[in-house]
>>> print(open('start08.cif').read())   # mmCIF, C-alpha atoms
data_my_file
loop_
_atom_site.group_PDB
_atom_site.id
_atom_site.type_symbol
_atom_site.label_atom_id
_atom_site.label_comp_id
_atom_site.auth_asym_id
_atom_site.auth_seq_id
_atom_site.Cartn_x
_atom_site.Cartn_y
_atom_site.Cartn_z
ATOM 1 C CA MET A 1 -169.595 82.484 3.887
ATOM 2 C CA ARG A 2 -173.236 82.682 4.931
ATOM 3 C CA VAL A 3 -175.787 83.015 2.167
ATOM 4 C CA ARG A 4 -178.028 86.021 2.825
ATOM 5 C CA ARG A 5 -181.730 86.253 2.091
ATOM 6 C CA MET A 6 -181.174 89.050 -0.363
ATOM 7 C CA MET A 7 -179.942 86.440 -2.866
ATOM 8 C CA LEU A 8 -183.565 85.458 -3.382
ATOM 9 C CA GLY A 9 -185.215 88.679 -2.335
ATOM 10 C CA MET A 10 -186.263 87.115 0.998
ATOM 11 C CA ALA A 11 -185.153 89.855 3.340
ATOM 12 C CA SER A 12 -188.729 90.042 4.676
ATOM 13 C CA GLU A 13 -191.489 87.592 5.450
ATOM 14 C CA HIS A 14 -192.919 88.053 1.958
ATOM 15 C CA ALA A 15 -192.390 84.657 0.374
ATOM 16 C CA PRO A 16 -192.200 83.816 -3.325
ATOM 17 C CA PRO A 17 -195.392 82.223 -4.704
ATOM 18 C CA TYR A 18 -193.854 78.735 -4.781
ATOM 19 C CA VAL A 19 -193.234 78.738 -1.003
ATOM 20 C CA ASP A 20 -196.042 77.610 1.309
ATOM 21 C CA THR A 21 -195.616 79.608 4.513
ATOM 22 C CA THR A 22 -198.688 78.054 6.149
ATOM 23 C CA ARG A 23 -196.924 74.718 6.694
ATOM 24 C CA PRO A 24 -193.587 74.214 8.440
ATOM 25 C CA SER A 25 -190.754 72.835 6.348
ATOM 26 C CA PRO A 26 -188.231 70.347 7.808
ATOM 27 C CA ALA A 27 -185.538 71.864 5.577
ATOM 28 C CA ARG A 28 -186.232 75.387 6.830
ATOM 29 C CA ILE A 29 -186.456 74.269 10.477
ATOM 30 C CA TYR A 30 -183.119 72.501 10.105
ATOM 31 C CA ASP A 31 -181.655 75.637 8.522
ATOM 32 C CA LEU A 32 -182.884 77.660 11.505
ATOM 33 C CA SER A 33 -181.346 75.141 13.942
ATOM 34 C CA ILE A 34 -177.889 75.416 12.405
ATOM 35 C CA GLY A 35 -177.915 79.215 12.269
ATOM 36 C CA GLY A 36 -179.290 79.852 8.783
ATOM 37 C CA ASP A 37 -181.769 82.567 7.829
ATOM 38 C CA GLN A 38 -184.009 80.860 5.266
ATOM 39 C CA HIS A 39 -187.162 80.390 7.342
ATOM 40 C CA TYR A 40 -190.542 81.938 8.103
ATOM 41 C CA ALA A 41 -192.800 82.521 11.098
ATOM 42 C CA ILE A 42 -194.425 79.083 10.849
ATOM 43 C CA ASP A 43 -190.985 77.448 10.924
ATOM 44 C CA ARG A 44 -189.893 79.482 13.951
ATOM 45 C CA GLN A 45 -193.123 78.643 15.771
ATOM 46 C CA THR A 46 -192.698 74.939 15.035
ATOM 47 C CA SER A 47 -189.019 75.065 15.966
ATOM 48 C CA ALA A 48 -189.948 76.653 19.294
ATOM 49 C CA GLN A 49 -192.488 73.885 19.931
ATOM 50 C CA ILE A 50 -189.902 71.240 19.098
ATOM 51 C CA SER A 51 -187.319 72.920 21.334
ATOM 52 C CA ARG A 52 -189.776 73.004 24.228
ATOM 53 C CA ALA A 53 -190.432 69.290 23.792
ATOM 54 C CA PHE A 54 -186.798 68.438 22.987
ATOM 55 C CA PRO A 55 -184.437 71.083 24.385
ATOM 56 C CA ASP A 56 -181.431 69.389 22.787
ATOM 57 C CA ALA A 57 -182.923 69.350 19.271
ATOM 58 C CA PRO A 58 -180.889 72.363 18.032
ATOM 59 C CA VAL A 59 -177.727 70.786 19.458
ATOM 60 C CA SER A 60 -178.472 67.550 17.603
ATOM 61 C CA ALA A 61 -179.009 69.501 14.373
ATOM 62 C CA VAL A 62 -175.643 71.247 14.690
ATOM 63 C CA GLU A 63 -173.881 67.984 15.533
ATOM 64 C CA ASN A 64 -175.524 66.282 12.572
ATOM 65 C CA ARG A 65 -174.169 68.996 10.261
ATOM 66 C CA ARG A 66 -170.696 68.583 11.748
ATOM 67 C CA LEU A 67 -170.974 64.862 11.128
ATOM 68 C CA LEU A 68 -171.747 65.505 7.460
ATOM 69 C CA VAL A 69 -168.601 67.625 7.113
ATOM 70 C CA ARG A 70 -166.448 64.923 8.743
ATOM 71 C CA VAL A 71 -167.918 62.171 6.582
ATOM 72 C CA VAL A 72 -167.415 64.068 3.325
ATOM 73 C CA ALA A 73 -163.848 64.998 4.246
ATOM 74 C CA GLU A 74 -163.072 61.381 5.166
ATOM 75 C CA LEU A 75 -164.508 59.955 1.965
ATOM 76 C CA ALA A 76 -162.864 62.573 -0.248
ATOM 77 C CA GLY A 77 -159.607 61.687 1.497
ATOM 78 C CA ARG A 78 -160.235 58.036 0.607
ATOM 79 C CA GLY A 79 -160.407 58.957 -3.063
ATOM 80 C CA ILE A 80 -164.153 59.375 -3.594
ATOM 81 C CA ARG A 81 -164.809 61.986 -6.248
ATOM 82 C CA GLN A 82 -168.590 61.812 -6.677
ATOM 83 C CA PHE A 83 -171.294 62.342 -4.082
ATOM 84 C CA LEU A 84 -175.080 61.872 -4.215
ATOM 85 C CA ASP A 85 -176.677 63.799 -1.337
ATOM 86 C CA LEU A 86 -180.296 62.721 -0.785
ATOM 87 C CA GLY A 87 -182.512 65.062 1.213
ATOM 88 C CA SER A 88 -179.760 67.662 1.107
ATOM 89 C CA GLY A 89 -181.802 70.499 2.604
ATOM 90 C CA LEU A 90 -181.122 74.191 2.169
ATOM 91 C CA PRO A 91 -177.612 75.138 1.050
ATOM 92 C CA THR A 92 -175.799 76.711 3.967
ATOM 93 C CA GLN A 93 -172.224 76.875 5.214
ATOM 94 C CA GLU A 94 -169.842 73.972 4.584
ATOM 95 C CA ASN A 95 -171.890 72.297 1.877
ATOM 96 C CA VAL A 96 -170.853 68.918 0.514
ATOM 97 C CA HIS A 97 -169.271 70.343 -2.643
ATOM 98 C CA GLN A 98 -167.311 72.931 -0.668
ATOM 99 C CA VAL A 99 -165.878 70.343 1.711
ATOM 100 C CA ALA A 100 -165.140 67.794 -1.022
ATOM 101 C CA GLN A 101 -163.651 70.265 -3.503
ATOM 102 C CA ARG A 102 -161.259 71.691 -0.916
ATOM 103 C CA ILE A 103 -159.716 68.233 -0.803
ATOM 104 C CA ALA A 104 -160.304 67.245 -4.422
ATOM 105 C CA PRO A 105 -161.134 70.123 -6.811
ATOM 106 C CA ASP A 106 -162.464 67.603 -9.344
ATOM 107 C CA ALA A 107 -165.102 66.248 -6.922
ATOM 108 C CA ARG A 108 -168.664 66.207 -8.272
ATOM 109 C CA VAL A 109 -171.870 66.475 -6.256
ATOM 110 C CA VAL A 110 -175.562 65.983 -7.008
ATOM 111 C CA TYR A 111 -177.957 67.376 -4.395
ATOM 112 C CA VAL A 112 -181.519 66.046 -4.182
ATOM 113 C CA ASP A 113 -184.432 67.598 -2.291
ATOM 114 C CA ASN A 114 -188.111 68.272 -2.927
ATOM 115 C CA ASP A 115 -188.574 71.438 -0.865
ATOM 116 C CA PRO A 116 -189.509 74.339 -3.235
ATOM 117 C CA MET A 117 -187.472 76.844 -1.249
ATOM 118 C CA THR A 118 -184.464 74.548 -1.294
ATOM 119 C CA HIS A 119 -184.858 74.273 -5.062
ATOM 120 C CA ALA A 120 -184.854 78.029 -5.643
ATOM 121 C CA HIS A 121 -182.134 78.727 -3.092
ATOM 122 C CA ALA A 122 -179.875 76.012 -4.490
ATOM 123 C CA HIS A 123 -180.105 77.426 -8.002
ATOM 124 C CA ALA A 124 -179.354 80.924 -6.728
ATOM 125 C CA LEU A 125 -176.325 79.716 -4.789
ATOM 126 C CA LEU A 126 -174.936 77.091 -7.138
ATOM 127 C CA GLY A 127 -175.602 78.774 -10.475
ATOM 128 C CA ASP A 128 -173.355 77.262 -13.128
ATOM 129 C CA GLN A 129 -170.772 76.018 -10.673
ATOM 130 C CA GLN A 130 -168.620 73.262 -12.126
ATOM 131 C CA GLY A 131 -169.164 69.755 -10.877
ATOM 132 C CA VAL A 132 -172.365 70.503 -8.959
ATOM 133 C CA GLY A 133 -175.994 69.738 -9.797
ATOM 134 C CA TYR A 134 -179.346 69.929 -8.043
ATOM 135 C CA LEU A 135 -182.472 67.829 -8.570
ATOM 136 C CA ASP A 136 -185.911 68.883 -7.356
ATOM 137 C CA ALA A 137 -187.137 65.366 -6.561
ATOM 138 C CA ASP A 138 -188.516 63.111 -3.838
ATOM 139 C CA LEU A 139 -185.798 60.657 -2.811
ATOM 140 C CA ARG A 140 -188.379 57.857 -3.043
ATOM 141 C CA ASP A 141 -188.428 58.366 -6.806
ATOM 142 C CA HIS A 142 -185.095 56.572 -7.153
ATOM 143 C CA GLU A 143 -185.472 55.638 -10.803
ATOM 144 C CA SER A 144 -185.977 59.232 -11.895
ATOM 145 C CA ILE A 145 -183.124 60.452 -9.700
ATOM 146 C CA LEU A 146 -180.608 57.842 -10.844
ATOM 147 C CA ASN A 147 -181.550 58.211 -14.506
ATOM 148 C CA ASP A 148 -181.899 61.978 -14.634
ATOM 149 C CA PRO A 149 -179.574 63.493 -17.283
ATOM 150 C CA ARG A 150 -178.049 65.789 -14.655
ATOM 151 C CA THR A 151 -177.211 62.804 -12.459
ATOM 152 C CA ARG A 152 -175.799 60.838 -15.350
ATOM 153 C CA ALA A 153 -173.696 63.829 -16.424
ATOM 154 C CA LEU A 154 -172.029 64.101 -13.011
ATOM 155 C CA ILE A 155 -172.200 60.592 -11.506
ATOM 156 C CA ARG A 156 -170.361 57.971 -13.519
ATOM 157 C CA ARG A 157 -171.807 54.506 -13.046
ATOM 158 C CA ASP A 158 -168.423 52.777 -13.288
ATOM 159 C CA GLU A 159 -166.777 54.804 -10.475
ATOM 160 C CA PRO A 160 -167.372 54.583 -6.715
ATOM 161 C CA VAL A 161 -169.975 56.962 -5.313
ATOM 162 C CA ALA A 162 -170.626 58.314 -1.829
ATOM 163 C CA LEU A 163 -174.362 57.991 -1.159
ATOM 164 C CA LEU A 164 -175.276 60.415 1.641
ATOM 165 C CA MET A 165 -178.537 59.929 3.550
ATOM 166 C CA ILE A 166 -177.968 62.224 6.487
ATOM 167 C CA ALA A 167 -180.939 62.741 8.833
ATOM 168 C CA VAL A 168 -183.453 61.933 6.101
ATOM 169 C CA LEU A 169 -184.461 58.267 6.360
ATOM 170 C CA HIS A 170 -186.295 58.856 9.636
ATOM 171 C CA PHE A 171 -188.899 60.683 7.532
ATOM 172 C CA ILE A 172 -189.528 57.540 5.446
ATOM 173 C CA PRO A 173 -192.160 55.072 6.767
ATOM 174 C CA ASP A 174 -191.296 51.415 7.310
ATOM 175 C CA ALA A 175 -193.403 50.311 4.342
ATOM 176 C CA ASP A 176 -191.214 52.241 1.893
ATOM 177 C CA LEU A 177 -187.783 51.977 3.467
ATOM 178 C CA PRO A 178 -186.375 48.494 2.637
ATOM 179 C CA ALA A 179 -187.107 48.627 -1.101
ATOM 180 C CA LEU A 180 -185.864 52.215 -1.290
ATOM 181 C CA LEU A 181 -182.536 51.381 0.340
ATOM 182 C CA ARG A 182 -182.092 48.283 -1.800
ATOM 183 C CA ALA A 183 -182.715 50.217 -5.006
ATOM 184 C CA TYR A 184 -180.040 52.790 -4.254
ATOM 185 C CA ILE A 185 -177.470 50.356 -2.872
ATOM 186 C CA ASP A 186 -177.914 47.926 -5.759
ATOM 187 C CA ALA A 187 -177.223 50.770 -8.191
ATOM 188 C CA LEU A 188 -173.857 51.567 -6.580
ATOM 189 C CA PRO A 189 -170.649 50.135 -8.057
ATOM 190 C CA SER A 190 -168.225 48.198 -5.867
ATOM 191 C CA GLY A 191 -166.095 50.452 -3.695
ATOM 192 C CA SER A 192 -168.907 52.934 -3.116
ATOM 193 C CA TYR A 193 -169.777 54.232 0.332
ATOM 194 C CA VAL A 194 -173.114 54.683 2.107
ATOM 195 C CA ALA A 195 -173.436 57.183 4.970
ATOM 196 C CA ILE A 196 -176.572 57.271 7.118
ATOM 197 C CA SER A 197 -177.559 59.227 10.210
ATOM 198 C CA HIS A 198 -180.904 58.501 11.801
ATOM 199 C CA ALA A 199 -182.945 59.375 14.907
ATOM 200 C CA SER A 200 -183.119 56.406 17.247
ATOM 201 C CA THR A 201 -185.336 55.138 20.022
ATOM 202 C CA THR A 202 -182.355 53.314 21.564
ATOM 203 C CA GLY A 203 -181.358 55.156 24.703
ATOM 204 C CA MET A 204 -184.335 57.466 24.399
ATOM 205 C CA PRO A 205 -186.387 57.983 27.593
ATOM 206 C CA ALA A 206 -190.000 56.818 27.287
ATOM 207 C CA ASP A 207 -191.374 60.292 27.989
ATOM 208 C CA LEU A 208 -189.253 61.718 25.169
ATOM 209 C CA LEU A 209 -190.595 59.130 22.741
ATOM 210 C CA GLU A 210 -194.136 60.066 23.800
ATOM 211 C CA ARG A 211 -193.370 63.730 23.123
ATOM 212 C CA ILE A 212 -192.038 62.833 19.673
ATOM 213 C CA HIS A 213 -195.282 61.059 18.819
ATOM 214 C CA ALA A 214 -197.336 63.951 20.169
ATOM 215 C CA THR A 215 -195.307 66.473 18.155
ATOM 216 C CA TYR A 216 -194.734 64.642 14.875
ATOM 217 C CA ASP A 217 -197.512 62.111 14.289
ATOM 218 C CA ASN A 218 -199.793 64.686 12.651
ATOM 219 C CA ALA A 219 -197.012 66.844 11.220
ATOM 220 C CA PRO A 220 -196.585 67.365 7.453
ATOM 221 C CA SER A 221 -193.438 65.223 7.693
ATOM 222 C CA PRO A 222 -193.888 62.602 10.450
ATOM 223 C CA LEU A 223 -190.746 61.370 12.204
ATOM 224 C CA PHE A 224 -190.000 57.646 12.514
ATOM 225 C CA PRO A 225 -187.170 57.112 15.017
ATOM 226 C CA ARG A 226 -185.967 53.508 14.976
ATOM 227 C CA PRO A 227 -184.052 51.140 17.278
ATOM 228 C CA ALA A 228 -180.300 50.922 16.756
ATOM 229 C CA GLU A 229 -180.557 47.345 15.481
ATOM 230 C CA GLN A 230 -183.001 48.440 12.780
ATOM 231 C CA ILE A 231 -180.641 51.230 11.721
ATOM 232 C CA ARG A 232 -177.728 48.791 11.648
ATOM 233 C CA ALA A 233 -179.758 46.505 9.373
ATOM 234 C CA MET A 234 -179.818 49.307 6.796
ATOM 235 C CA PHE A 235 -176.169 48.438 6.144
ATOM 236 C CA ASP A 236 -176.821 44.745 5.414
ATOM 237 C CA GLY A 237 -174.539 43.566 2.612
ATOM 238 C CA LEU A 238 -172.101 46.403 3.259
ATOM 239 C CA GLU A 239 -168.952 46.597 5.394
ATOM 240 C CA LEU A 240 -169.255 49.156 8.185
ATOM 241 C CA LEU A 241 -166.151 51.241 8.741
ATOM 242 C CA PRO A 242 -164.830 51.536 12.281
ATOM 243 C CA PRO A 243 -166.194 52.458 14.770
ATOM 244 C CA GLY A 244 -169.404 50.911 13.370
ATOM 245 C CA LEU A 245 -172.835 52.247 14.272
ATOM 246 C CA VAL A 246 -172.375 54.971 16.887
ATOM 247 C CA SER A 247 -173.814 58.256 18.089
ATOM 248 C CA ILE A 248 -173.263 61.062 15.591
ATOM 249 C CA VAL A 249 -170.890 62.756 18.048
ATOM 250 C CA ASP A 250 -168.713 59.611 18.209
ATOM 251 C CA TRP A 251 -167.915 59.215 14.514
ATOM 252 C CA PRO A 252 -165.134 58.585 13.725
ATOM 253 C CA ALA A 253 -163.803 58.877 17.302
ATOM 254 C CA PRO A 254 -165.508 58.886 20.732
ATOM 255 C CA GLN A 255 -166.094 62.319 22.232
ATOM 256 C CA GLY A 256 -167.447 61.298 25.635
ATOM 257 C CA ARG A 257 -170.704 63.191 25.138
ATOM 258 C CA THR A 258 -174.314 62.084 24.823
ATOM 259 C CA LEU A 259 -177.333 63.595 23.093
ATOM 260 C CA THR A 260 -180.751 63.633 24.746
ATOM 261 C CA LEU A 261 -182.261 63.140 21.291
ATOM 262 C CA PRO A 262 -180.228 60.129 20.090
ATOM 263 C CA LEU A 263 -179.024 60.034 16.500
ATOM 264 C CA PHE A 264 -176.955 57.118 15.279
ATOM 265 C CA CYS A 265 -174.728 57.024 12.237
ATOM 266 C CA GLY A 266 -172.599 54.688 10.212
ATOM 267 C CA VAL A 267 -170.481 54.736 7.090
ATOM 268 C CA ALA A 268 -170.064 51.543 5.075
ATOM 269 C CA VAL A 269 -168.368 50.436 1.892
ATOM 270 C CA LYS A 270 -169.925 48.214 -0.740
ATOM 271 C CA PRO A 271 -167.675 45.174 -1.406
#
>>> encode(input="start08.cif", output="structure tokens")
Amino acid sequence: MRVRRMMLGMASEHAPPYVDTTRPSPARIYDLSIGGDQHYAIDRQTSAQISRAFPDAPVSAVENRRLLVRVVAELAGRGIRQFLDLGSGLPTQENVHQVAQRIAPDARVVYVDNDPMTHAHAHALLGDQQGVGYLDADLRDHESILNDPRTRALIRRDEPVALLMIAVLHFIPDADLPALLRAYIDALPSGSYVAISHASTTGMPADLLERIHATYDNAPSPLFPRPAEQIRAMFDGLELLPPGLVSIVDWPAPQGRTLTLPLFCGVAVKP
């Protein structure tokens, strides 16, 4: 069921004081792309600019959300009962806890994001729901996230965890990425899973890459698309599940379609 703006009193463009409507928000733009209604004029203007530069961007956003649903359902079916969703974005339809708890009612989920609107909207939607928590935090602050009392209350360190990093690592610069990944993966117990989707330069036309730089280099949240081999290296020390690193539309089975804006994904288990 779609969450309406009236939950937070956002039926108009009048934003709460904690929301900066002068700067576009990746979370709100993504929400707009997948049919949500938690966005403002600046987000719609930016989304229109992105769509002009990358006409397939909304399609990629929808496909990325569908990927998330498939991944969560697969991992819940494999017995995973706890999920840590980094850069979760605005709660919308088919959230991680909804998908997981349909399969396993005892599944537990911790969402992490640092967008103020996401924070307020998540609390309005989730309330005191059992087995679900939300942290207002930057995913780069891994120590605080992993040691937060809300995380520790829901994520048991001696049980496998599904670490979800869906369409978020391409906002992290190269200088921060390796240590960040290592910190999270090292904290996972054996049998845990890591799911990543990431914008890629592999298969991307040169003119499209130029448009990405022109659009994102000076944006509040720059985008860092990476070659497929660099994305595959994010799974070093883990065992990739079949079919390996593939387009988001081809996990877990080929669909015979391509995306103009390539996004690759993989799901791996920690030995």
>>> closest_residue(input="start08.cif", among="A:Thr260, A:Thr215, A:Ser200, A:Ser144", to="Tyr184 of chain A", atoms="all atoms listed in the file")
A:Ser144
>>> closest_atom_pairs(input="start08.cif", of="segment 128-163 of chain A", to="segment 76-97 of chain A", cutoff="10 Å", atoms="all atoms listed in the file", output="CSV")
residue,atom,partner,partner_atom,distance
A:Gln129,CA,A:His97,CA,9.9
A:Gln130,CA,A:His97,CA,9.9
A:Gly131,CA,A:His97,CA,8.3
A:Val132,CA,A:His97,CA,7.0
A:Gly133,CA,A:Leu84,CA,9.7
A:Tyr134,CA,A:Ser88,CA,9.4
A:Leu135,CA,A:Leu86,CA,9.6
A:Asp136,CA,A:Gly87,CA,10.0
A:Ala137,CA,A:Gly87,CA,9.1
A:Asp138,CA,A:Gly87,CA,8.1
A:Leu139,CA,A:Leu86,CA,6.2
A:Arg140,CA,A:Leu86,CA,9.7
A:Ile145,CA,A:Leu86,CA,9.6
A:Leu146,CA,A:Leu84,CA,9.5
A:Thr151,CA,A:Leu84,CA,8.6
A:Leu154,CA,A:Gln82,CA,7.6
A:Ile155,CA,A:Gln82,CA,6.2
A:Arg156,CA,A:Gln82,CA,8.0
A:Glu159,CA,A:Gln82,CA,8.2
A:Pro160,CA,A:Ile80,CA,6.6
A:Val161,CA,A:Gln82,CA,5.2
A:Ala162,CA,A:Phe83,CA,4.7
A:Leu163,CA,A:Leu84,CA,5.0
>>> closest_residue(input="start08.cif", among="A:Val109, A:Asp43, A:Leu263, A:Ala57", to="Ala153 of chain A", atoms="all atoms listed in the file")
A:Val109
>>> closest_residue(input="start08.cif", among="A:Pro225, A:Gly203, A:Pro116, A:Gly191", to="Ala268 of chain A", atoms="all atoms listed in the file")
A:Gly191
>>> atom_distance(input="start08.cif", atom1="atom CA of Gly256 of chain A", atom2="atom CA of Pro58 of chain A")
19.0 Å
